[in-house]
Amino acid sequence: MILTITVALFCGMAAGYLFLDVGDKDTLDFILMTALDIMVFIAGIEIGSNRDILKRVCNLHSAVLALSIPAAVAVGSVIGAALIGMAVGLSLYDAVLVGSGFGWYSFSSVVISAMYSTEIGTVSFLANMLRELSAFFLIPLLVRVHKLLALAPSGAATMDSGLPVVIKYTNLHVGMYSFINGLVLTLIVPVLLSWLLSLK
């Protein structure tokens with residue numbers, strides 16, 4: 001699958017460069033969101049049709065695990081962004097802002113650009129977009145260590161674009177945690193960014 005994704009990415013880049021321009025963005029966004037909706041819908045059918053999975057996650061232990069995973073991903077994302085950001089010359093505050101997008105580049109970059117800095121907003125867009133793209137390559141490698149590690153690279157995207165990949169390389173049980181992880185992180189991003197931006 002990694003080879004297929006890589007080939008598709010480069011073919012898409014070549015097609016975009018040769019045949020399309022900025023005016024086609026709305027059409028491409030519509031196609032992308034439609035394809036994404038179909039993938040998530042199918043993943044939802046797979047999870048929902050397996051009643052054993054629903055029973056396995058509806059208990060105290062699973063509930064604690066389901067909330068612990070996004071908490072760990074959030075803390076790891078912020079700490080990792082702070083360390084890497086400062087290593088490349090960003091201030092601690094700017095690095096934490098970028099990392100607090102948790103992979104939700106379309107939201108975090110706009111908010112940071114509008115309320116703080118266009119430059120840091122651009123950095124946020126690139127960093128979080130690359131995080132989502134790199135997840136397609138990292139997930140197959142990380143599952144060899146532990147299946148739940150597949151939930152870390154995509155961040156908030158584990159409930160949409162990352163969900164089919166997680167399910168492919170793990171199972172439907174982990175897929176349920178993947179959806180919850182993405183949902184919780186998506187809910188955290190606006191609150192965390194609002195708080196951080198209020199500090200300036």
# chains A, B, ... in the order shown; residues from 1 in each chain; ligands from 1
$ residues_around --residues "range 178-190 of chain A" --least-positions-apart "3" --cutoff "7 Å" --atoms "only C-alpha atoms" --output "JSON, numbers by chain"
{"A": [66, 69, 70, 100, 101, 102, 151, 155, 156, 157, 158, 159, 163, 174, 175, 193, 194]}
$ write_last_selection --atoms "C-alpha atoms" --output "PDB file, in the first residue's frame"
ATOM      1  CA  ALA A  66     -10.033   5.498  24.613  1.00  0.00           C
ATOM      2  CA  ILE A  69      -4.753   7.597  23.837  1.00  0.00           C
ATOM      3  CA  PRO A  70      -5.715  11.120  22.647  1.00  0.00           C
ATOM      4  CA  SER A 100      -1.350  22.259  18.883  1.00  0.00           C
ATOM      5  CA  GLY A 101      -2.955  21.781  15.485  1.00  0.00           C
ATOM      6  CA  PHE A 102      -2.672  17.999  16.034  1.00  0.00           C
ATOM      7  CA  LEU A 151      -3.050   6.245  16.223  1.00  0.00           C
ATOM      8  CA  GLY A 155      -3.422  13.007  15.116  1.00  0.00           C
ATOM      9  CA  ALA A 156      -6.907  14.425  14.601  1.00  0.00           C
ATOM     10  CA  ALA A 157      -7.061  12.840  11.142  1.00  0.00           C
ATOM     11  CA  THR A 158      -7.425   9.333  12.611  1.00  0.00           C
ATOM     12  CA  MET A 159     -11.195   9.786  12.452  1.00  0.00           C
ATOM     13  CA  LEU A 163      -9.070   5.803   9.585  1.00  0.00           C
ATOM     14  CA  VAL A 174      -8.226  -0.465  16.853  1.00  0.00           C
ATOM     15  CA  GLY A 175     -10.267   1.339  14.203  1.00  0.00           C
ATOM     16  CA  LEU A 193      -5.562  27.181  20.317  1.00  0.00           C
ATOM     17  CA  SER A 194      -8.004  29.724  21.736  1.00  0.00           C
TER      18      SER A 194
END
$ closest_residue --among "A:Leu130, A:Val123, A:Ala152, A:Ile84" --to "Val110 in chain A" --atoms "only C-alpha atoms"
A:Val123
$ atom_distance --atom1 "CA of Ala95 in chain A" --atom2 "CA of Thr118 in chain A"
14.2 Å
$ atom_distance --atom1 "CA of Ile42 in chain A" --atom2 "CA of Ala135 in chain A"
20.3 Å
$ select_by_dssp --residues "chain A" --states "helix (DSSP H, G or I)" --output "PyMOL selection string"
chain A and resi 2-19+22-49+51-57+60-87+92-99+105-115+118-142+147-151+155-159+163-169+172-198
$ closest_residue --among "A:Pro164, A:Thr170, A:Val143, A:Ser108" --to "Leu196 in chain A" --atoms "only C-alpha atoms"
A:Ser108
$ atom_distance --atom1 "CA of Gly12 in chain A" --atom2 "CA of Ser113 in chain A"
27.7 Å
$ closest_residue --among "A:Ile120, A:Leu20, A:Ala87, A:Ala150" --to "Ser134 in chain A" --atoms "only C-alpha atoms"
A:Ala150
$ residues_around --residues "Met129 in chain A" --least-positions-apart "6" --cutoff "8 Å" --atoms "only C-alpha atoms" --output "list in words"
Gly103, Trp104 and Tyr105 of chain A
$ closest_residue --among "A:Phe125, A:Met115, A:Met176, A:Leu141" --to "Lys200 in chain A" --atoms "only C-alpha atoms"
A:Met115
